[in-house]
$ cat model-v7.pdb   # PDB, C-alpha atoms, pLDDT in the B column
ATOM      1  CA  MET Q  13     -34.739  70.018 -75.169  1.00 49.00           C
ATOM      2  CA  THR Q  14     -36.332  70.659 -71.829  1.00 50.00           C
ATOM      3  CA  HIS Q  15     -34.476  72.114 -68.942  1.00 51.00           C
ATOM      4  CA  LEU Q  16     -35.096  71.208 -65.386  1.00 51.00           C
ATOM      5  CA  HIS Q  17     -35.619  74.343 -63.460  1.00 50.00           C
ATOM      6  CA  GLU Q  18     -34.255  74.406 -59.994  1.00 51.00           C
ATOM      7  CA  GLN Q  19     -36.794  75.394 -57.468  1.00 53.00           C
ATOM      8  CA  GLU Q  20     -35.795  78.225 -55.289  1.00 49.00           C
ATOM      9  CA  PRO Q  21     -35.829  77.289 -51.643  1.00 50.00           C
ATOM     10  CA  PRO Q  22     -38.840  78.593 -49.755  1.00 52.00           C
ATOM     11  CA  GLU Q  23     -38.195  81.680 -47.744  1.00 53.00           C
ATOM     12  CA  VAL Q  24     -36.966  80.837 -44.302  1.00 45.00           C
ATOM     13  CA  ALA Q  25     -39.162  82.427 -41.716  1.00 48.00           C
ATOM     14  CA  ALA Q  26     -37.300  84.788 -39.476  1.00 51.00           C
ATOM     15  CA  ALA Q  27     -36.943  83.496 -35.952  1.00 64.00           C
ATOM     16  CA  GLU Q  28     -39.360  85.089 -33.577  1.00 74.00           C
ATOM     17  CA  PRO Q  29     -37.709  87.109 -30.846  1.00 81.00           C
ATOM     18  CA  ASP Q  30     -37.795  85.537 -27.410  1.00 80.00           C
ATOM     19  CA  GLU Q  31     -40.352  86.758 -24.918  1.00 82.00           C
ATOM     20  CA  GLU Q  32     -39.091  88.767 -21.991  1.00 82.00           C
ATOM     21  CA  THR Q  33     -38.437  86.445 -19.040  1.00 86.00           C
ATOM     22  CA  ALA Q  34     -37.408  87.167 -15.458  1.00 84.00           C
ATOM     23  CA  VAL Q  35     -34.419  84.822 -15.770  1.00 87.00           C
ATOM     24  CA  PRO Q  36     -32.471  85.385 -18.996  1.00 88.00           C
ATOM     25  CA  LEU Q  37     -32.734  82.661 -21.624  1.00 89.00           C
ATOM     26  CA  LYS Q  38     -29.044  83.138 -22.350  1.00 93.00           C
ATOM     27  CA  ILE Q  39     -28.346  80.845 -19.378  1.00 94.00           C
ATOM     28  CA  GLU Q  40     -29.749  77.825 -21.202  1.00 94.00           C
ATOM     29  CA  ASP Q  41     -28.206  78.956 -24.475  1.00 94.00           C
ATOM     30  CA  TRP Q  42     -24.712  79.177 -22.991  1.00 96.00           C
ATOM     31  CA  LEU Q  43     -25.086  75.922 -21.040  1.00 96.00           C
ATOM     32  CA  THR Q  44     -26.051  74.217 -24.302  1.00 96.00           C
ATOM     33  CA  VAL Q  45     -22.958  75.600 -26.037  1.00 96.00           C
ATOM     34  CA  ILE Q  46     -20.690  74.570 -23.158  1.00 97.00           C
ATOM     35  CA  VAL Q  47     -22.106  71.044 -22.895  1.00 97.00           C
ATOM     36  CA  MET Q  48     -21.956  70.523 -26.674  1.00 97.00           C
ATOM     37  CA  GLY Q  49     -18.367  71.783 -26.686  1.00 97.00           C
ATOM     38  CA  LEU Q  50     -17.397  69.411 -23.876  1.00 96.00           C
ATOM     39  CA  LEU Q  51     -19.076  66.491 -25.630  1.00 95.00           C
ATOM     40  CA  SER Q  52     -17.224  67.299 -28.844  1.00 95.00           C
ATOM     41  CA  LEU Q  53     -13.856  67.640 -27.139  1.00 95.00           C
ATOM     42  CA  ILE Q  54     -14.250  64.458 -25.101  1.00 93.00           C
ATOM     43  CA  THR Q  55     -15.365  62.442 -28.109  1.00 90.00           C
ATOM     44  CA  PHE Q  56     -12.609  63.836 -30.335  1.00 92.00           C
ATOM     45  CA  ALA Q  57      -9.956  63.140 -27.696  1.00 88.00           C
ATOM     46  CA  ASN Q  58     -11.229  59.582 -27.314  1.00 86.00           C
ATOM     47  CA  VAL Q  59     -11.137  59.054 -31.098  1.00 88.00           C
ATOM     48  CA  LEU Q  60      -7.551  60.300 -31.274  1.00 89.00           C
ATOM     49  CA  VAL Q  61      -6.445  58.121 -28.380  1.00 88.00           C
ATOM     50  CA  ARG Q  62      -8.144  55.052 -29.897  1.00 86.00           C
ATOM     51  CA  TYR Q  63      -6.603  55.721 -33.296  1.00 88.00           C
ATOM     52  CA  PHE Q  64      -3.049  56.145 -32.037  1.00 89.00           C
ATOM     53  CA  THR Q  65      -3.006  53.676 -29.125  1.00 88.00           C
ATOM     54  CA  ASP Q  66      -5.833  51.150 -29.732  1.00 81.00           C
ATOM     55  CA  GLN Q  67      -7.111  52.005 -26.252  1.00 79.00           C
ATOM     56  CA  SER Q  68      -9.692  54.463 -25.027  1.00 73.00           C
ATOM     57  CA  PHE Q  69     -10.269  56.708 -22.067  1.00 75.00           C
ATOM     58  CA  ALA Q  70     -12.504  54.700 -19.745  1.00 73.00           C
ATOM     59  CA  TRP Q  71     -14.206  57.756 -18.327  1.00 80.00           C
ATOM     60  CA  THR Q  72     -15.382  59.248 -21.605  1.00 84.00           C
ATOM     61  CA  GLU Q  73     -18.441  57.067 -22.124  1.00 85.00           C
ATOM     62  CA  GLU Q  74     -19.727  57.593 -18.587  1.00 88.00           C
ATOM     63  CA  PHE Q  75     -19.150  61.324 -18.701  1.00 90.00           C
ATOM     64  CA  SER Q  76     -20.617  61.634 -22.212  1.00 91.00           C
ATOM     65  CA  VAL Q  77     -23.839  59.909 -21.143  1.00 91.00           C
ATOM     66  CA  PHE Q  78     -24.083  62.286 -18.184  1.00 94.00           C
ATOM     67  CA  LEU Q  79     -23.527  65.311 -20.442  1.00 96.00           C
ATOM     68  CA  MET Q  80     -26.164  64.127 -22.920  1.00 96.00           C
ATOM     69  CA  ILE Q  81     -28.711  63.888 -20.105  1.00 96.00           C
ATOM     70  CA  VAL Q  82     -27.755  67.380 -18.921  1.00 97.00           C
ATOM     71  CA  LEU Q  83     -28.049  68.620 -22.509  1.00 96.00           C
ATOM     72  CA  ALA Q  84     -31.545  67.156 -22.857  1.00 96.00           C
ATOM     73  CA  LEU Q  85     -32.694  68.781 -19.607  1.00 97.00           C
ATOM     74  CA  VAL Q  86     -31.142  72.163 -20.422  1.00 96.00           C
ATOM     75  CA  ALA Q  87     -32.681  72.100 -23.910  1.00 94.00           C
ATOM     76  CA  GLY Q  88     -35.994  71.105 -22.339  1.00 94.00           C
ATOM     77  CA  SER Q  89     -35.814  74.112 -20.067  1.00 95.00           C
ATOM     78  CA  ALA Q  90     -35.151  76.410 -23.017  1.00 94.00           C
ATOM     79  CA  SER Q  91     -37.994  74.911 -25.052  1.00 92.00           C
ATOM     80  CA  VAL Q  92     -40.453  75.337 -22.183  1.00 92.00           C
ATOM     81  CA  ALA Q  93     -39.389  78.949 -21.614  1.00 91.00           C
ATOM     82  CA  ARG Q  94     -39.780  79.696 -25.332  1.00 90.00           C
ATOM     83  CA  ASN Q  95     -43.087  77.774 -25.527  1.00 85.00           C
ATOM     84  CA  ARG Q  96     -41.672  75.520 -28.236  1.00 84.00           C
ATOM     85  CA  GLN Q  97     -42.155  72.165 -26.582  1.00 80.00           C
ATOM     86  CA  ILE Q  98     -43.799  69.329 -28.447  1.00 78.00           C
ATOM     87  CA  ARG Q  99     -47.538  69.706 -28.858  1.00 76.00           C
ATOM     88  CA  ILE Q 100     -50.263  68.895 -31.330  1.00 74.00           C
ATOM     89  CA  GLU Q 101     -50.422  72.062 -33.395  1.00 75.00           C
ATOM     90  CA  TYR Q 102     -53.881  71.253 -34.731  1.00 73.00           C
ATOM     91  CA  PHE Q 103     -55.305  71.661 -31.240  1.00 75.00           C
ATOM     92  CA  ALA Q 104     -52.832  74.174 -29.807  1.00 76.00           C
ATOM     93  CA  ASP Q 105     -53.075  76.687 -32.670  1.00 79.00           C
ATOM     94  CA  SER Q 106     -56.733  76.368 -33.636  1.00 82.00           C
ATOM     95  CA  GLY Q 107     -59.793  77.963 -32.162  1.00 82.00           C
ATOM     96  CA  SER Q 108     -60.154  81.307 -30.503  1.00 87.00           C
ATOM     97  CA  GLU Q 109     -57.331  83.226 -28.856  1.00 86.00           C
ATOM     98  CA  LYS Q 110     -58.922  82.505 -25.477  1.00 88.00           C
ATOM     99  CA  ARG Q 111     -58.919  78.758 -26.189  1.00 87.00           C
ATOM    100  CA  GLN Q 112     -55.309  78.831 -27.401  1.00 86.00           C
ATOM    101  CA  ARG Q 113     -54.227  80.734 -24.288  1.00 88.00           C
ATOM    102  CA  ALA Q 114     -56.138  78.304 -22.038  1.00 89.00           C
ATOM    103  CA  LEU Q 115     -54.481  75.311 -23.710  1.00 89.00           C
ATOM    104  CA  ALA Q 116     -51.054  76.962 -23.448  1.00 88.00           C
ATOM    105  CA  ARG Q 117     -51.626  77.620 -19.743  1.00 92.00           C
ATOM    106  CA  PHE Q 118     -52.872  74.068 -19.183  1.00 92.00           C
ATOM    107  CA  GLY Q 119     -49.806  72.650 -20.950  1.00 91.00           C
ATOM    108  CA  ALA Q 120     -47.463  74.851 -18.937  1.00 93.00           C
ATOM    109  CA  LEU Q 121     -49.195  73.835 -15.714  1.00 95.00           C
ATOM    110  CA  MET Q 122     -48.857  70.128 -16.556  1.00 95.00           C
ATOM    111  CA  VAL Q 123     -45.155  70.566 -17.372  1.00 95.00           C
ATOM    112  CA  PHE Q 124     -44.735  72.370 -14.045  1.00 97.00           C
ATOM    113  CA  VAL Q 125     -46.461  69.564 -12.121  1.00 98.00           C
ATOM    114  CA  LEU Q 126     -44.456  66.855 -13.899  1.00 97.00           C
ATOM    115  CA  PHE Q 127     -41.043  68.417 -13.325  1.00 98.00           C
ATOM    116  CA  ALA Q 128     -41.831  69.509  -9.771  1.00 98.00           C
ATOM    117  CA  LEU Q 129     -42.750  65.881  -9.064  1.00 98.00           C
ATOM    118  CA  ILE Q 130     -39.559  64.639 -10.744  1.00 98.00           C
ATOM    119  CA  ALA Q 131     -37.537  67.113  -8.650  1.00 98.00           C
ATOM    120  CA  VAL Q 132     -39.119  65.981  -5.397  1.00 97.00           C
ATOM    121  CA  LEU Q 133     -38.792  62.270  -6.152  1.00 97.00           C
ATOM    122  CA  SER Q 134     -35.242  62.524  -7.486  1.00 97.00           C
ATOM    123  CA  VAL Q 135     -34.038  64.174  -4.289  1.00 97.00           C
ATOM    124  CA  ARG Q 136     -34.606  60.785  -2.647  1.00 96.00           C
ATOM    125  CA  VAL Q 137     -32.408  59.123  -5.279  1.00 97.00           C
ATOM    126  CA  VAL Q 138     -29.634  61.651  -4.643  1.00 98.00           C
ATOM    127  CA  TRP Q 139     -29.958  61.155  -0.892  1.00 97.00           C
ATOM    128  CA  ASP Q 140     -29.765  57.368  -1.252  1.00 97.00           C
ATOM    129  CA  ASP Q 141     -26.718  57.637  -3.525  1.00 97.00           C
ATOM    130  CA  PHE Q 142     -25.043  59.879  -0.958  1.00 97.00           C
ATOM    131  CA  ARG Q 143     -26.121  57.935   2.131  1.00 97.00           C
ATOM    132  CA  PHE Q 144     -25.121  54.509   0.809  1.00 97.00           C
ATOM    133  CA  GLY Q 145     -21.906  55.711  -0.844  1.00 96.00           C
ATOM    134  CA  GLU Q 146     -22.884  54.556  -4.344  1.00 96.00           C
ATOM    135  CA  THR Q 147     -20.145  54.948  -6.903  1.00 95.00           C
ATOM    136  CA  SER Q 148     -20.372  55.178 -10.668  1.00 92.00           C
ATOM    137  CA  PRO Q 149     -19.752  51.920 -12.525  1.00 85.00           C
ATOM    138  CA  GLY Q 150     -17.162  53.279 -14.970  1.00 82.00           C
ATOM    139  CA  ILE Q 151     -14.722  55.349 -12.964  1.00 87.00           C
ATOM    140  CA  GLY Q 152     -15.914  54.965  -9.391  1.00 90.00           C
ATOM    141  CA  VAL Q 153     -16.730  58.566  -8.512  1.00 93.00           C
ATOM    142  CA  PRO Q 154     -19.602  59.190  -6.093  1.00 96.00           C
ATOM    143  CA  GLN Q 155     -22.856  58.617  -7.990  1.00 96.00           C
ATOM    144  CA  TRP Q 156     -24.518  61.653  -6.436  1.00 96.00           C
ATOM    145  CA  TRP Q 157     -22.137  63.860  -8.443  1.00 96.00           C
ATOM    146  CA  TYR Q 158     -24.248  62.836 -11.438  1.00 95.00           C
ATOM    147  CA  THR Q 159     -27.690  62.445  -9.881  1.00 96.00           C
ATOM    148  CA  ILE Q 160     -27.691  65.822  -8.084  1.00 97.00           C
ATOM    149  CA  TRP Q 161     -28.308  67.519 -11.423  1.00 97.00           C
ATOM    150  CA  LEU Q 162     -31.668  65.838 -12.039  1.00 97.00           C
ATOM    151  CA  PRO Q 163     -33.513  67.649  -9.236  1.00 98.00           C
ATOM    152  CA  VAL Q 164     -31.640  70.890  -9.917  1.00 97.00           C
ATOM    153  CA  LEU Q 165     -32.489  70.940 -13.623  1.00 97.00           C
ATOM    154  CA  SER Q 166     -36.026  69.662 -12.966  1.00 98.00           C
ATOM    155  CA  VAL Q 167     -36.588  72.652 -10.680  1.00 98.00           C
ATOM    156  CA  ALA Q 168     -35.275  74.893 -13.472  1.00 96.00           C
ATOM    157  CA  ILE Q 169     -37.727  73.391 -15.976  1.00 97.00           C
ATOM    158  CA  ALA Q 170     -40.579  73.644 -13.463  1.00 97.00           C
ATOM    159  CA  GLY Q 171     -39.655  77.288 -12.896  1.00 96.00           C
ATOM    160  CA  ARG Q 172     -39.637  77.982 -16.636  1.00 96.00           C
ATOM    161  CA  ALA Q 173     -43.054  76.297 -16.957  1.00 96.00           C
ATOM    162  CA  LEU Q 174     -44.432  78.367 -14.076  1.00 96.00           C
ATOM    163  CA  GLY Q 175     -43.091  81.511 -15.744  1.00 95.00           C
ATOM    164  CA  LEU Q 176     -44.765  80.547 -19.007  1.00 93.00           C
ATOM    165  CA  PHE Q 177     -48.033  79.868 -17.159  1.00 95.00           C
ATOM    166  CA  ILE Q 178     -47.871  83.334 -15.573  1.00 94.00           C
ATOM    167  CA  ARG Q 179     -46.942  85.074 -18.859  1.00 91.00           C
ATOM    168  CA  ARG Q 180     -49.819  83.397 -20.702  1.00 89.00           C
ATOM    169  CA  GLY Q 181     -52.183  84.489 -17.930  1.00 88.00           C
ATOM    170  CA  ARG Q 182     -51.153  88.126 -18.376  1.00 86.00           C
ATOM    171  CA  GLN Q 183     -51.908  88.148 -22.098  1.00 77.00           C
ATOM    172  CA  PRO Q 184     -55.141  89.896 -23.029  1.00 68.00           C
TER     173      PRO Q 184
END

$ encode --input "model-v7.pdb" --output "structure tokens"
Amino acid sequence: MTHLHEQEPPEVAAAEPDEETAVPLKIEDWLTVIVMGLLSLITFANVLVRYFTDQSFAWTEEFSVFLMIVLALVAGSASVARNRQIRIEYFADSGSEKRQRALARFGALMVFVLFALIAVLSVRVVWDDFRFGETSPGIGVPQWWYTIWLPVLSVAIAGRALGLFIRRGRQP
């Protein structure tokens, strides 16, 4: 009788320690925890209310969508700062150290340009929302309460990308 042997799981690589940054990475880490906690609480409260009353809180969907966008931007900032954004590893991790560093700097520079541009252009959206008194479709709060965070978090991501560009330039 043959026995199936269970394969032992491959060793999990220890997480690399974060590089030293001028602005602590704990900011993004804690914002992620807070936003995830809020999303969980809001969703759980809505489920309970629906279960017991057959109604739902009208504001939960609108606020949850806003929090998911904030979560994506905060996580994007953390991934840029940690140099763990999406890239083609075949190109990014092959070749000489000089080539890898040049590609990392180029990628960081492009992320900086993109999010600086998003920040500049989204300020106009916020201004228009404020100037024309736009309100949110679900609960009618001023729309700029939501849109103000796009330029703010885009500046944060651009700053993280600029920091990564500088750190990669200092490497030997």

$ closest_residue --input "model-v7.pdb" --among "Q:Asp41, Q:Glu109, Q:Asp66, Q:Glu74" --to "Gly150 of chain Q" --atoms "only C-alpha atoms"
Q:Glu74

$ resolve_selection --input "model-v7.pdb" --expression "the PyMOL selection byres ((chain Q and resi 83-100) around 6)" --output "list of chain:residue names"
Q:Glu40, Q:Leu79, Q:Met80, Q:Ile81, Q:Val82, Q:Glu101, Q:Tyr102, Q:Phe103, Q:Ile169, Q:Arg172, Q:Ala173

$ closest_residue --input "model-v7.pdb" --among "Q:Leu126, Q:Ile54, Q:Val47, Q:Ala114" --to "Ser166 of chain Q" --atoms "only C-alpha atoms"
Q:Leu126

$ residues_around --input "model-v7.pdb" --residues "Ala70 of chain Q" --least-positions-apart "3" --cutoff "12 Å" --atoms "all atoms listed in the file" --output "ChimeraX atom specification"
/Q:54-55,57-58,61-62,67,73-76,149-152

$ atom_distance --input "model-v7.pdb" --atom1 "atom CA of Gln183 of chain Q" --atom2 "atom CA of Arg117 of chain Q"
10.8 Å

$ residues_around --input "model-v7.pdb" --residues "Arg136 of chain Q" --least-positions-apart "6" --cutoff "12 Å" --atoms "only C-alpha atoms" --output "mmCIF file with C-alpha atoms, keeping the file's coordinate frame"
data_model
loop_
_atom_site.group_PDB
_atom_site.id
_atom_site.type_symbol
_atom_site.label_atom_id
_atom_site.label_comp_id
_atom_site.auth_asym_id
_atom_site.auth_seq_id
_atom_site.Cartn_x
_atom_site.Cartn_y
_atom_site.Cartn_z
ATOM 1 C CA LEU Q 129 -42.750 65.881 -9.064
ATOM 2 C CA ILE Q 130 -39.559 64.639 -10.744
ATOM 3 C CA PHE Q 142 -25.043 59.879 -0.958
ATOM 4 C CA ARG Q 143 -26.121 57.935 2.131
ATOM 5 C CA PHE Q 144 -25.121 54.509 0.809
ATOM 6 C CA TRP Q 156 -24.518 61.653 -6.436
ATOM 7 C CA THR Q 159 -27.690 62.445 -9.881
ATOM 8 C CA ILE Q 160 -27.691 65.822 -8.084
ATOM 9 C CA LEU Q 162 -31.668 65.838 -12.039
ATOM 10 C CA PRO Q 163 -33.513 67.649 -9.236
#

$ atom_distance --input "model-v7.pdb" --atom1 "atom CA of Thr72 of chain Q" --atom2 "atom CA of Leu133 of chain Q"
28.2 Å

$ resolve_selection --input "model-v7.pdb" --expression "the PyMOL selection byres ((chain Q and resi 124) around 9)" --output "VMD selection string"
chain Q and resid 119 to 123 125 to 129 167 169 to 174 177

$ atom_distance --input "model-v7.pdb" --atom1 "atom CA of Phe78 of chain Q" --atom2 "atom CA of Ile46 of chain Q"
13.7 Å

$ closest_residue --input "model-v7.pdb" --among "Q:Leu165, Q:Pro154, Q:Glu28, Q:Gln112" --to "Leu43 of chain Q" --atoms "only C-alpha atoms"
Q:Leu165

$ closest_residue --input "model-v7.pdb" --among "Q:Pro36, Q:Pro29, Q:Asp141, Q:Ala116" --to "Leu176 of chain Q" --atoms "only C-alpha atoms"
Q:Ala116

$ build_atoms --input "model-v7.pdb" --residues "segment 89-114 of chain Q" --atoms "N, CA, C and O atoms" --output "PDB file, keeping the file's coordinate frame"
ATOM      1  N   SER Q  89     -35.536  72.869 -20.775  1.00 95.00           N
ATOM      2  CA  SER Q  89     -35.814  74.112 -20.067  1.00 95.00           C
ATOM      3  C   SER Q  89     -35.971  75.273 -21.042  1.00 95.00           C
ATOM      4  O   SER Q  89     -36.889  76.085 -20.930  1.00 95.00           O
ATOM      5  N   ALA Q  90     -35.073  75.337 -22.020  1.00 94.00           N
ATOM      6  CA  ALA Q  90     -35.151  76.410 -23.017  1.00 94.00           C
ATOM      7  C   ALA Q  90     -36.421  76.291 -23.859  1.00 94.00           C
ATOM      8  O   ALA Q  90     -37.065  77.300 -24.161  1.00 94.00           O
ATOM      9  N   SER Q  91     -36.790  75.075 -24.225  1.00 92.00           N
ATOM     10  CA  SER Q  91     -37.994  74.911 -25.052  1.00 92.00           C
ATOM     11  C   SER Q  91     -39.254  75.267 -24.277  1.00 92.00           C
ATOM     12  O   SER Q  91     -40.184  75.833 -24.845  1.00 92.00           O
ATOM     13  N   VAL Q  92     -39.292  74.962 -22.996  1.00 92.00           N
ATOM     14  CA  VAL Q  92     -40.453  75.337 -22.183  1.00 92.00           C
ATOM     15  C   VAL Q  92     -40.525  76.854 -22.058  1.00 92.00           C
ATOM     16  O   VAL Q  92     -41.584  77.456 -22.230  1.00 92.00           O
ATOM     17  N   ALA Q  93     -39.400  77.490 -21.774  1.00 91.00           N
ATOM     18  CA  ALA Q  93     -39.389  78.949 -21.614  1.00 91.00           C
ATOM     19  C   ALA Q  93     -39.812  79.662 -22.899  1.00 91.00           C
ATOM     20  O   ALA Q  93     -40.466  80.693 -22.853  1.00 91.00           O
ATOM     21  N   ARG Q  94     -39.449  79.085 -24.038  1.00 90.00           N
ATOM     22  CA  ARG Q  94     -39.780  79.696 -25.332  1.00 90.00           C
ATOM     23  C   ARG Q  94     -41.129  79.204 -25.871  1.00 90.00           C
ATOM     24  O   ARG Q  94     -41.505  79.569 -26.968  1.00 90.00           O
ATOM     25  N   ASN Q  95     -41.803  78.354 -25.129  1.00 85.00           N
ATOM     26  CA  ASN Q  95     -43.087  77.774 -25.527  1.00 85.00           C
ATOM     27  C   ASN Q  95     -42.961  77.052 -26.864  1.00 85.00           C
ATOM     28  O   ASN Q  95     -43.805  77.173 -27.747  1.00 85.00           O
ATOM     29  N   ARG Q  96     -41.908  76.275 -27.012  1.00 84.00           N
ATOM     30  CA  ARG Q  96     -41.672  75.520 -28.236  1.00 84.00           C
ATOM     31  C   ARG Q  96     -41.570  74.028 -27.960  1.00 84.00           C
ATOM     32  O   ARG Q  96     -40.938  73.294 -28.710  1.00 84.00           O
ATOM     33  N   GLN Q  97     -42.173  73.590 -26.879  1.00 80.00           N
ATOM     34  CA  GLN Q  97     -42.155  72.165 -26.582  1.00 80.00           C
ATOM     35  C   GLN Q  97     -43.096  71.433 -27.523  1.00 80.00           C
ATOM     36  O   GLN Q  97     -43.899  72.040 -28.211  1.00 80.00           O
ATOM     37  N   ILE Q  98     -42.982  70.136 -27.542  1.00 78.00           N
ATOM     38  CA  ILE Q  98     -43.799  69.329 -28.447  1.00 78.00           C
ATOM     39  C   ILE Q  98     -45.268  69.437 -28.056  1.00 78.00           C
ATOM     40  O   ILE Q  98     -45.627  69.346 -26.893  1.00 78.00           O
ATOM     41  N   ARG Q  99     -46.098  69.651 -29.071  1.00 76.00           N
ATOM     42  CA  ARG Q  99     -47.538  69.706 -28.858  1.00 76.00           C
ATOM     43  C   ARG Q  99     -48.226  69.412 -30.186  1.00 76.00           C
ATOM     44  O   ARG Q  99     -47.600  69.426 -31.235  1.00 76.00           O
ATOM     45  N   ILE Q 100     -49.500  69.160 -30.114  1.00 74.00           N
ATOM     46  CA  ILE Q 100     -50.263  68.895 -31.330  1.00 74.00           C
ATOM     47  C   ILE Q 100     -50.778  70.241 -31.838  1.00 74.00           C
ATOM     48  O   ILE Q 100     -51.693  70.820 -31.271  1.00 74.00           O
ATOM     49  N   GLU Q 101     -50.139  70.725 -32.879  1.00 75.00           N
ATOM     50  CA  GLU Q 101     -50.422  72.062 -33.395  1.00 75.00           C
ATOM     51  C   GLU Q 101     -51.888  72.232 -33.813  1.00 75.00           C
ATOM     52  O   GLU Q 101     -52.444  73.299 -33.689  1.00 75.00           O
ATOM     53  N   TYR Q 102     -52.496  71.167 -34.303  1.00 73.00           N
ATOM     54  CA  TYR Q 102     -53.881  71.253 -34.731  1.00 73.00           C
ATOM     55  C   TYR Q 102     -54.768  71.745 -33.584  1.00 73.00           C
ATOM     56  O   TYR Q 102     -55.654  72.571 -33.779  1.00 73.00           O
ATOM     57  N   PHE Q 103     -54.507  71.251 -32.393  1.00 75.00           N
ATOM     58  CA  PHE Q 103     -55.305  71.661 -31.240  1.00 75.00           C
ATOM     59  C   PHE Q 103     -54.768  72.942 -30.606  1.00 75.00           C
ATOM     60  O   PHE Q 103     -55.525  73.816 -30.196  1.00 75.00           O
ATOM     61  N   ALA Q 104     -53.440  73.043 -30.504  1.00 76.00           N
ATOM     62  CA  ALA Q 104     -52.832  74.174 -29.807  1.00 76.00           C
ATOM     63  C   ALA Q 104     -53.011  75.495 -30.551  1.00 76.00           C
ATOM     64  O   ALA Q 104     -53.140  76.547 -29.927  1.00 76.00           O
ATOM     65  N   ASP Q 105     -53.027  75.457 -31.880  1.00 79.00           N
ATOM     66  CA  ASP Q 105     -53.075  76.687 -32.670  1.00 79.00           C
ATOM     67  C   ASP Q 105     -54.407  76.922 -33.362  1.00 79.00           C
ATOM     68  O   ASP Q 105     -54.513  77.779 -34.230  1.00 79.00           O
ATOM     69  N   SER Q 106     -55.424  76.158 -33.014  1.00 82.00           N
ATOM     70  CA  SER Q 106     -56.733  76.368 -33.636  1.00 82.00           C
ATOM     71  C   SER Q 106     -57.707  76.896 -32.593  1.00 82.00           C
ATOM     72  O   SER Q 106     -57.464  76.831 -31.401  1.00 82.00           O
ATOM     73  N   GLY Q 107     -58.789  77.429 -33.077  1.00 82.00           N
ATOM     74  CA  GLY Q 107     -59.793  77.963 -32.162  1.00 82.00           C
ATOM     75  C   GLY Q 107     -59.514  79.414 -31.826  1.00 82.00           C
ATOM     76  O   GLY Q 107     -58.641  80.067 -32.388  1.00 82.00           O
ATOM     77  N   SER Q 108     -60.269  79.895 -30.884  1.00 87.00           N
ATOM     78  CA  SER Q 108     -60.154  81.307 -30.503  1.00 87.00           C
ATOM     79  C   SER Q 108     -58.860  81.563 -29.731  1.00 87.00           C
ATOM     80  O   SER Q 108     -58.209  80.640 -29.238  1.00 87.00           O
ATOM     81  N   GLU Q 109     -58.510  82.831 -29.632  1.00 86.00           N
ATOM     82  CA  GLU Q 109     -57.331  83.226 -28.856  1.00 86.00           C
ATOM     83  C   GLU Q 109     -57.467  82.775 -27.397  1.00 86.00           C
ATOM     84  O   GLU Q 109     -56.504  82.334 -26.784  1.00 86.00           O
ATOM     85  N   LYS Q 110     -58.678  82.913 -26.865  1.00 88.00           N
ATOM     86  CA  LYS Q 110     -58.922  82.505 -25.477  1.00 88.00           C
ATOM     87  C   LYS Q 110     -58.666  81.008 -25.305  1.00 88.00           C
ATOM     88  O   LYS Q 110     -58.024  80.591 -24.332  1.00 88.00           O
ATOM     89  N   ARG Q 111     -59.130  80.209 -26.251  1.00 87.00           N
ATOM     90  CA  ARG Q 111     -58.919  78.758 -26.189  1.00 87.00           C
ATOM     91  C   ARG Q 111     -57.439  78.422 -26.311  1.00 87.00           C
ATOM     92  O   ARG Q 111     -56.917  77.579 -25.578  1.00 87.00           O
ATOM     93  N   GLN Q 112     -56.744  79.072 -27.228  1.00 86.00           N
ATOM     94  CA  GLN Q 112     -55.309  78.831 -27.401  1.00 86.00           C
ATOM     95  C   GLN Q 112     -54.540  79.177 -26.133  1.00 86.00           C
ATOM     96  O   GLN Q 112     -53.641  78.454 -25.723  1.00 86.00           O
ATOM     97  N   ARG Q 113     -54.891  80.312 -25.528  1.00 88.00           N
ATOM     98  CA  ARG Q 113     -54.227  80.734 -24.288  1.00 88.00           C
ATOM     99  C   ARG Q 113     -54.515  79.746 -23.158  1.00 88.00           C
ATOM    100  O   ARG Q 113     -53.636  79.386 -22.388  1.00 88.00           O
ATOM    101  N   ALA Q 114     -55.775  79.272 -23.076  1.00 89.00           N
ATOM    102  CA  ALA Q 114     -56.138  78.304 -22.038  1.00 89.00           C
ATOM    103  C   ALA Q 114     -55.367  76.997 -22.214  1.00 89.00           C
ATOM    104  O   ALA Q 114     -54.881  76.420 -21.231  1.00 89.00           O
TER     105      ALA Q 114
END
